[in-house]
$ cat start-v2.txt   # compact mmCIF, C-alpha atoms
# COMPACT_ATOMS: atom_id res chain seq x y z
CA MET A 694 -10.82 0.68 3.66
CA ASP A 695 -10.80 3.59 1.19
CA VAL A 696 -11.52 1.22 -1.72
CA PHE A 697 -14.37 -0.37 0.24
CA ILE A 698 -15.98 3.00 0.97
CA LEU A 699 -15.63 4.13 -2.66
CA ILE A 700 -17.20 0.93 -4.00
CA LEU A 701 -19.96 1.18 -1.42
CA LEU A 702 -20.80 4.81 -2.20
CA HIS A 703 -20.29 4.92 -5.95
CA VAL A 704 -21.46 1.44 -7.00
CA MET A 705 -23.43 -0.40 -4.32
CA LEU A 706 -25.54 2.46 -2.98
CA PRO A 707 -26.94 3.57 -6.39
CA VAL A 708 -27.66 -0.07 -7.29
CA PHE A 709 -29.62 -0.79 -4.13
CA LEU A 710 -31.46 2.54 -4.25
CA LEU A 711 -32.79 1.68 -7.71
CA VAL A 712 -33.58 -1.92 -6.76
CA GLY A 713 -35.38 -0.70 -3.62
CA LEU A 714 -37.33 1.87 -5.62
CA GLY A 715 -38.38 -0.80 -8.11
CA ALA A 716 -39.62 -3.05 -5.30
CA LEU A 717 -41.54 -0.19 -3.66
CA LEU A 718 -43.17 0.96 -6.90
CA HIS A 719 -44.16 -2.60 -7.83
CA ARG A 720 -45.85 -3.07 -4.45
CA ILE A 721 -47.76 0.20 -4.93
CA PHE A 722 -48.66 0.01 -8.62
CA ARG A 723 -48.28 -3.69 -9.53
CA PHE A 724 -46.19 -3.39 -12.71
CA ASP A 725 -46.95 -5.57 -15.70
CA MET A 726 -43.82 -7.75 -15.45
CA ASN A 727 -44.32 -9.22 -18.91
CA THR A 728 -44.21 -5.73 -20.43
CA LEU A 729 -41.12 -4.80 -18.40
CA SER A 730 -39.40 -7.99 -19.53
CA LYS A 731 -40.18 -7.32 -23.19
CA LEU A 732 -38.95 -3.72 -22.86
CA ASN A 733 -35.60 -4.90 -21.48
CA VAL A 734 -35.07 -7.80 -23.88
CA TYR A 735 -36.37 -6.31 -27.13
CA ALA A 736 -35.43 -2.62 -26.84
CA LEU A 737 -32.88 -1.76 -24.13
CA LEU A 738 -30.52 -4.77 -24.36
CA PRO A 739 -30.06 -4.53 -28.16
CA ALA A 740 -29.26 -0.81 -27.86
CA VAL A 741 -26.66 -1.45 -25.13
CA GLY A 742 -25.06 -4.26 -27.12
CA PHE A 743 -24.80 -2.21 -30.31
CA VAL A 744 -23.41 0.89 -28.58
CA ASN A 745 -20.79 -1.08 -26.61
CA ILE A 746 -19.49 -2.80 -29.72
CA TYR A 747 -19.57 0.26 -31.96
CA GLU A 748 -17.74 2.51 -29.49
CA SER A 749 -14.97 0.03 -28.60
CA ASN A 750 -11.37 0.99 -29.45
CA ILE A 751 -8.84 -1.51 -28.13
CA ASP A 752 -5.16 -2.21 -28.85
CA ALA A 753 -4.77 -5.46 -30.84
CA ASN A 754 -1.98 -6.91 -28.65
CA VAL A 755 -3.95 -6.37 -25.44
CA LEU A 756 -7.08 -7.71 -27.14
CA VAL A 757 -5.42 -11.03 -28.00
CA LYS A 758 -4.17 -11.56 -24.43
CA VAL A 759 -7.50 -10.62 -22.85
CA LEU A 760 -9.57 -12.76 -25.23
CA GLY A 761 -7.28 -15.73 -24.60
CA PHE A 762 -7.85 -15.36 -20.88
CA LEU A 763 -11.63 -14.86 -21.23
CA LEU A 764 -12.05 -17.93 -23.42
CA ALA A 765 -10.08 -20.06 -20.96
CA GLN A 766 -11.76 -18.73 -17.84
CA ASN A 767 -15.34 -18.80 -19.07
CA GLY A 768 -14.84 -22.17 -20.74
CA THR A 769 -13.63 -23.55 -17.41
CA LEU A 770 -16.60 -22.04 -15.53
CA ILE A 771 -19.04 -23.47 -18.06
CA VAL A 772 -17.60 -26.96 -17.57
CA ILE A 773 -17.43 -26.66 -13.75
CA SER A 774 -21.00 -25.33 -13.45
CA ALA A 775 -22.33 -28.04 -15.77
CA VAL A 776 -20.59 -30.76 -13.71
CA MET A 777 -21.93 -29.23 -10.47
CA ALA A 778 -25.49 -29.17 -11.88
CA LYS A 779 -25.17 -32.80 -12.93
CA LEU A 780 -23.83 -33.89 -9.53
CA LEU A 781 -26.67 -32.01 -7.81
CA LYS A 782 -29.16 -33.72 -10.17
CA LEU A 783 -30.88 -30.45 -11.08
CA ASP A 784 -33.64 -30.50 -13.67
CA ARG A 785 -32.91 -28.77 -16.99
CA SER A 786 -34.73 -25.58 -16.07
CA LEU A 787 -33.02 -25.08 -12.71
CA SER A 788 -29.70 -26.24 -14.15
CA ALA A 789 -29.82 -23.52 -16.83
CA THR A 790 -30.44 -20.79 -14.26
CA PHE A 791 -27.82 -22.16 -11.87
CA GLN A 792 -25.13 -22.33 -14.56
CA ASN A 793 -25.87 -18.81 -15.76
CA THR A 794 -25.60 -17.39 -12.23
CA ILE A 795 -22.03 -18.72 -12.02
CA VAL A 796 -20.76 -18.08 -15.55
CA LEU A 797 -22.30 -14.67 -16.32
CA ASN A 798 -21.30 -11.57 -14.37
CA ASN A 799 -22.33 -7.95 -14.08
CA SER A 800 -19.33 -6.48 -15.88
CA GLY A 801 -21.15 -3.42 -17.22
CA ASN A 802 -22.86 -1.18 -14.68
CA PHE A 803 -20.89 -2.77 -11.80
CA GLY A 804 -17.53 -3.52 -13.41
CA ILE A 805 -16.93 -0.28 -15.28
CA PRO A 806 -17.45 2.02 -12.24
CA VAL A 807 -15.17 -0.21 -10.14
CA SER A 808 -12.49 -0.12 -12.84
CA GLN A 809 -12.79 3.65 -13.06
CA LEU A 810 -12.15 3.87 -9.32
CA VAL A 811 -9.29 1.35 -9.18
CA PHE A 812 -7.50 2.32 -12.42
CA HIS A 813 -8.15 6.07 -12.50
CA GLN A 814 -4.42 6.65 -13.17
CA GLN A 815 -4.01 3.66 -15.50
CA PRO A 816 -6.32 3.88 -18.56
CA LEU A 817 -5.32 0.37 -19.68
CA GLY A 818 -7.27 -1.10 -16.76
CA LEU A 819 -10.51 0.51 -17.89
CA SER A 820 -9.86 -0.48 -21.52
CA ILE A 821 -9.54 -4.10 -20.43
CA GLN A 822 -12.80 -3.84 -18.50
CA ILE A 823 -14.52 -2.60 -21.66
CA ILE A 824 -13.26 -5.68 -23.55
CA VAL A 825 -14.60 -7.89 -20.74
CA THR A 826 -17.96 -6.10 -20.87
CA ILE A 827 -18.26 -6.63 -24.63
CA PHE A 828 -17.28 -10.29 -24.25
CA GLN A 829 -19.86 -10.74 -21.50
CA ASN A 830 -22.49 -9.21 -23.78
CA PHE A 831 -21.73 -11.86 -26.39
CA LEU A 832 -21.56 -14.66 -23.82
CA THR A 833 -24.83 -13.64 -22.15
CA ASN A 834 -26.73 -13.39 -25.40
CA THR A 835 -25.31 -16.54 -26.96
CA TYR A 836 -24.41 -19.11 -24.29
CA GLY A 837 -26.70 -17.66 -21.61
CA LEU A 838 -29.69 -17.24 -23.91
CA TRP A 839 -29.17 -20.65 -25.52
CA ASN A 840 -28.96 -22.20 -22.05
CA PHE A 841 -32.42 -20.90 -21.14
CA LEU A 842 -33.99 -21.70 -24.50
CA SER A 843 -32.64 -25.24 -24.67
CA ALA A 844 -34.03 -25.95 -21.20
CA GLY A 845 -37.56 -25.32 -22.37
CA GLY A 846 -37.93 -26.48 -25.97
CA LYS A 847 -37.04 -28.86 -28.76
CA LYS A 848 -33.88 -28.36 -30.76
CA GLY A 849 -35.59 -26.86 -33.82
CA GLU A 850 -37.76 -24.58 -31.69
CA VAL A 851 -34.72 -23.44 -29.69
CA THR A 852 -32.80 -22.51 -32.83
CA ALA A 853 -35.74 -20.57 -34.26
CA GLU A 854 -36.32 -18.73 -30.98
CA PHE A 855 -32.61 -17.94 -30.63
CA TRP A 856 -32.52 -16.17 -34.00
CA LYS A 857 -35.66 -14.20 -33.14
CA ASN A 858 -33.83 -12.38 -30.35
CA PRO A 859 -32.85 -8.87 -31.56
CA ILE A 860 -29.73 -8.68 -29.36
CA ILE A 861 -28.00 -11.16 -31.69
CA TYR A 862 -28.47 -8.83 -34.66
CA ALA A 863 -27.54 -5.77 -32.61
CA LEU A 864 -24.18 -7.35 -31.73
CA LEU A 865 -23.56 -8.49 -35.32
CA PHE A 866 -24.42 -5.06 -36.75
CA GLY A 867 -22.24 -3.41 -34.12
CA LEU A 868 -19.30 -5.57 -35.22
CA LEU A 869 -19.99 -4.90 -38.90
CA PHE A 870 -20.35 -1.13 -38.50
CA ARG A 871 -17.23 -1.01 -36.31
CA ALA A 872 -15.12 -3.13 -38.68
CA LEU A 873 -16.13 -1.12 -41.77
CA HIS A 874 -15.99 2.24 -39.94
CA ILE A 875 -19.51 3.07 -41.07
CA PRO A 876 -20.58 6.46 -39.66
CA ILE A 877 -23.99 6.70 -38.01
CA PRO A 878 -25.83 10.00 -38.52
CA PRO A 879 -26.71 11.89 -35.31
CA PHE A 880 -30.47 11.63 -35.86
CA ILE A 881 -30.10 7.81 -35.55
CA TRP A 882 -27.17 7.60 -33.11
CA ASN A 883 -28.61 9.97 -30.49
CA PRO A 884 -31.88 8.03 -29.98
CA VAL A 885 -29.98 4.69 -29.88
CA GLN A 886 -27.57 6.06 -27.30
CA ASN A 887 -30.44 7.48 -25.22
CA VAL A 888 -32.13 4.07 -25.19
CA ALA A 889 -28.85 2.40 -24.18
CA ASN A 890 -28.36 4.90 -21.35
CA ALA A 891 -31.81 4.04 -20.02
CA PHE A 892 -30.98 0.35 -19.67
CA LEU A 893 -29.20 0.47 -16.31
CA ALA A 894 -32.00 2.27 -14.47
CA VAL A 895 -34.81 0.23 -16.04
CA ALA A 896 -32.99 -3.09 -15.53
CA LEU A 897 -32.40 -2.37 -11.84
CA LEU A 898 -35.99 -1.17 -11.33
CA THR A 899 -37.12 -4.41 -13.00
CA LEU A 900 -34.91 -6.44 -10.68
CA GLY A 901 -36.46 -4.60 -7.72
CA ALA A 902 -39.94 -5.49 -8.99
CA GLN A 903 -38.88 -9.13 -9.35
CA VAL A 904 -37.77 -9.37 -5.72
CA ALA A 905 -40.62 -7.27 -4.29
CA TYR A 906 -42.61 -10.30 -3.13
CA ILE A 907 -39.80 -12.80 -2.54
CA ASP A 908 -39.70 -14.31 0.94
CA PHE A 909 -36.15 -13.57 2.06
CA LYS A 910 -36.65 -15.60 5.21
CA GLN A 911 -36.29 -18.74 3.12
CA PHE A 912 -33.19 -19.04 0.98
CA PRO A 913 -32.77 -22.19 -1.14
CA PRO A 914 -29.43 -23.90 -0.36
CA LEU A 915 -28.57 -23.70 -4.06
CA LEU A 916 -28.53 -19.90 -3.77
CA PHE A 917 -25.46 -19.98 -1.52
CA LEU A 918 -23.68 -22.22 -4.02
CA SER A 919 -24.44 -19.71 -6.80
CA VAL A 920 -23.08 -16.83 -4.70
CA PHE A 921 -19.99 -18.84 -3.76
CA GLY A 922 -19.39 -19.87 -7.37
CA ARG A 923 -19.72 -16.34 -8.75
CA LEU A 924 -17.85 -14.38 -6.05
CA LEU A 925 -15.12 -16.81 -4.93
CA LEU A 926 -14.78 -19.74 -7.32
CA ALA A 927 -14.64 -17.55 -10.44
CA PRO A 928 -11.74 -15.37 -9.13
CA ALA A 929 -9.88 -18.51 -8.00
CA VAL A 930 -10.15 -19.98 -11.50
CA ALA A 931 -9.08 -16.61 -12.94
CA ALA A 932 -5.96 -16.49 -10.74
CA ILE A 933 -4.87 -19.97 -11.86
CA ILE A 934 -5.31 -19.07 -15.54
CA ILE A 935 -3.51 -15.72 -15.13
CA PHE A 936 -0.50 -17.48 -13.63
CA GLY A 937 -0.71 -20.17 -16.30
CA LEU A 938 -0.68 -17.58 -19.11
CA HIS A 939 2.15 -15.62 -17.37
CA LEU A 940 0.17 -12.37 -17.36
CA ASP A 941 1.26 -9.62 -15.01
CA GLY A 942 0.93 -5.93 -14.19
CA VAL A 943 -2.21 -3.98 -14.98
CA ILE A 944 -3.50 -6.64 -17.41
CA ALA A 945 -3.38 -9.34 -14.72
CA GLN A 946 -4.87 -7.04 -12.06
CA ALA A 947 -7.72 -5.90 -14.30
CA LEU A 948 -8.64 -9.45 -15.36
CA PHE A 949 -8.48 -10.78 -11.81
CA ILE A 950 -10.77 -8.00 -10.56
CA ALA A 951 -13.11 -8.39 -13.56
CA SER A 952 -13.63 -12.06 -12.69
CA SER A 953 -15.04 -11.22 -9.25
CA TYR A 954 -18.19 -9.25 -10.11
CA PRO A 955 -21.67 -10.42 -9.01
CA CYS A 956 -24.25 -12.34 -11.04
CA SER A 957 -25.42 -10.63 -14.20
CA ARG A 958 -28.73 -8.80 -13.90
CA ASN A 959 -29.52 -10.16 -17.38
CA THR A 960 -29.71 -13.63 -15.85
CA ALA A 961 -32.73 -12.48 -13.86
CA LEU A 962 -34.25 -10.74 -16.90
CA TYR A 963 -33.95 -13.81 -19.12
CA ALA A 964 -35.08 -16.15 -16.32
CA TRP A 965 -38.30 -14.13 -16.10
CA GLU A 966 -38.72 -13.85 -19.87
CA TYR A 967 -38.41 -17.62 -20.44
CA GLY A 968 -39.88 -18.86 -17.16
CA HIS A 969 -36.87 -20.58 -15.57
CA HIS A 970 -36.98 -19.98 -11.80
CA PRO A 971 -37.07 -16.15 -11.92
CA ASP A 972 -37.32 -15.80 -8.13
CA TYR A 973 -34.15 -17.83 -7.61
CA ALA A 974 -32.33 -15.88 -10.35
CA ALA A 975 -33.38 -12.53 -8.83
CA GLN A 976 -32.26 -13.66 -5.36
CA ALA A 977 -28.88 -14.74 -6.77
CA VAL A 978 -28.35 -11.36 -8.45
CA LEU A 979 -29.39 -9.41 -5.37
CA MET A 980 -27.45 -11.47 -2.80
CA SER A 981 -24.28 -11.71 -4.89
CA THR A 982 -24.39 -7.93 -5.44
CA LEU A 983 -24.78 -7.37 -1.70
CA PHE A 984 -21.88 -9.65 -0.71
CA SER A 985 -19.69 -8.39 -3.55
CA SER A 986 -19.09 -5.13 -1.70
CA VAL A 987 -16.85 -7.20 0.60
CA THR A 988 -15.47 -9.81 -1.82
CA VAL A 989 -14.64 -7.38 -4.65
CA THR A 990 -12.77 -5.16 -2.18
CA MET A 991 -10.77 -8.23 -1.09
CA ILE A 992 -9.98 -9.11 -4.72
CA VAL A 993 -8.86 -5.54 -5.46
CA TYR A 994 -6.50 -5.70 -2.46
CA LEU A 995 -5.19 -9.16 -3.48
CA SER A 996 -4.62 -8.05 -7.08
CA LYS A 997 -2.09 -5.46 -5.89
CA ILE A 998 -0.22 -8.11 -3.88
CA LEU A 999 -0.31 -10.99 -6.40
CA PHE A 1000 0.36 -9.06 -9.59

$ encode --input "start-v2.txt" --output "C-alpha cells"
Amino acid sequence: MDVFILILLHVMLPVFLLVGLGALLHRIFRFDMNTLSKLNVYALLPAVGFVNIYESNIDANVLVKVLGFLLAQNGTLIVISAVMAKLLKLDRSLSATFQNTIVLNNSGNFGIPVSQLVFHQQPLGLSIQIIVTIFQNFLTNTYGLWNFLSAGGKKGEVTAEFWKNPIIYALLFGLLFRALHIPIPPFIWNPVQNVANAFLAVALLTLGAQVAYIDFKQFPPLLFLSVFGRLLLAPAVAAIIIFGLHLDGVIAQALFIASSYPCSRNTALYAWEYGHHPDYAAQAVLMSTLFSSVTVTMIVYLSKILF
C-alpha cells in the first residue's frame, strides 16, 4: 500500500495534472498541434537524447547483463506484436502504431521516479533504470521511428526521412562525446540541459492537447489489447527471460520493474507527426498510464518475492 501511494503521489498525480492542463488549455486557446509536434520532435527530443547519453556512467559488467536482457526482451516483443498485428489483419498504418504501443515504454519520466522510490537504498537499481532509459531512447528513435515512416512511404523516401530526424544525430553525437570524454563548455551545455529539462512538461501538455477532443465513451477494442500487451504481457516476457538468463537480486528486480511501464509518450508524438492514428496512440498512452498505477505496484511487489 505504501508503494502504491508513493507512485500515485510522486508519479501519477504530476503526470495527470500536466495532461489535464494541456487538454484544458487546448480547449481554451486551440493550440497549433503541428507546431507543438515540431517543437517536441526537432528541439526537445534531441536535447533529451543527447543529455541522457552524455551523462551516463555505468559499470561495464552490469551493462553487458542489462543489454543482453534488453535485446532479448524487446526482440521478443517486436516479434510478438508483429505476429499479433498480422493475425488481426491491421493495415500498415494501424499496425505501426499498435506495435509501438506494445514495444516502447515510458522509461524516462515514469521509470526513473519509480526507481528512485523503490531503490532509494540501492543505487544499482537506479543505474539500471538509466541504462534502460537510454536503450529505450535508441529503440524509440530507430525501430519506433522507422516503423512509422515505413508505414507511410516508399523505401527510398523512408530512408531519406529517417536520416532527416535530428534525434538520430543527437544520440550519435552523445555517444561520440561520451566515448571520447569531450568536455562541453557551460555556455553550450546549460542551454542544452535547459531544453532537455523542458521536454517532460511540454510532452505531457502536448499529450493533453491530443486527447482534449477524444470521445472517451468509445474505446476501440484494439486499445485494450495495447494496454494488456504493454502492462501485462511485457512483464511476463521479461520474467521468462530473467529466469532464462539466471539473473537475480537487484538486477533482476530492476529489469522486471522496468519492463512494466506504460506506453511511451513519444509514440503519441510520432503518431501525430507522421499521421498514423494519433487519437488511438494518445488513448493508449493515457489509459496505460492510468492503469499502470495498479499494475506497476503489483510488479514491484512481485519483484521482491520472485527475485

$ residues_around --input "start-v2.txt" --residues "stretch 741-752 of chain A" --least-positions-apart "4" --cutoff "7 Å" --atoms "only C-alpha atoms" --output "PyMOL selection string"
chain A and resi 737+756+820+827+830+860+863-864+867-868+870-871+886+889

$ closest_atom_pairs --input "start-v2.txt" --of "stretch 700-794 of chain A" --to "stretch 935-958 of chain A" --cutoff "12 Å" --atoms "only C-alpha atoms" --output "Markdown table"
| residue | atom | partner | partner_atom | distance |
| --- | --- | --- | --- | --- |
| A:Ile700 | CA | A:Tyr954 | CA | 11.9 |
| A:Val704 | CA | A:Tyr954 | CA | 11.6 |
| A:Met705 | CA | A:Pro955 | CA | 11.2 |
| A:Val708 | CA | A:Arg958 | CA | 11.0 |
| A:Val712 | CA | A:Arg958 | CA | 11.0 |
| A:Asn733 | CA | A:Arg958 | CA | 10.9 |
| A:Val734 | CA | A:Arg958 | CA | 11.9 |
| A:Leu738 | CA | A:Arg958 | CA | 11.4 |
| A:Asn754 | CA | A:Ile944 | CA | 11.3 |
| A:Val755 | CA | A:Ile944 | CA | 8.0 |
| A:Leu756 | CA | A:Ile944 | CA | 10.4 |
| A:Val757 | CA | A:Ile944 | CA | 11.6 |
| A:Lys758 | CA | A:Leu940 | CA | 8.3 |
| A:Val759 | CA | A:Leu948 | CA | 7.7 |
| A:Leu760 | CA | A:Leu948 | CA | 10.5 |
| A:Gly761 | CA | A:Leu938 | CA | 8.8 |
| A:Phe762 | CA | A:Ile935 | CA | 7.2 |
| A:Leu763 | CA | A:Leu948 | CA | 8.5 |
| A:Ala765 | CA | A:Ile935 | CA | 9.8 |
| A:Gln766 | CA | A:Ser952 | CA | 8.6 |
| A:Asn767 | CA | A:Ser952 | CA | 9.4 |
| A:Leu770 | CA | A:Ser952 | CA | 10.8 |
| A:Thr790 | CA | A:Cys956 | CA | 11.0 |
| A:Phe791 | CA | A:Cys956 | CA | 10.5 |
| A:Gln792 | CA | A:Cys956 | CA | 10.6 |
| A:Asn793 | CA | A:Cys956 | CA | 8.2 |
| A:Thr794 | CA | A:Cys956 | CA | 5.4 |

$ residues_around --input "start-v2.txt" --residues "A:Leu900" --least-positions-apart "6" --cutoff "12 Å" --atoms "only C-alpha atoms" --output "number ranges by chain"
A: 708-719, 724, 726, 729-730, 733, 892-894, 906-907, 957-965, 971-980, 982

$ closest_residue --input "start-v2.txt" --among "A:Asn799, A:Asn890, A:Ser786, A:Ser843" --to "A:Thr826" --atoms "all atoms listed in the file"
A:Asn799
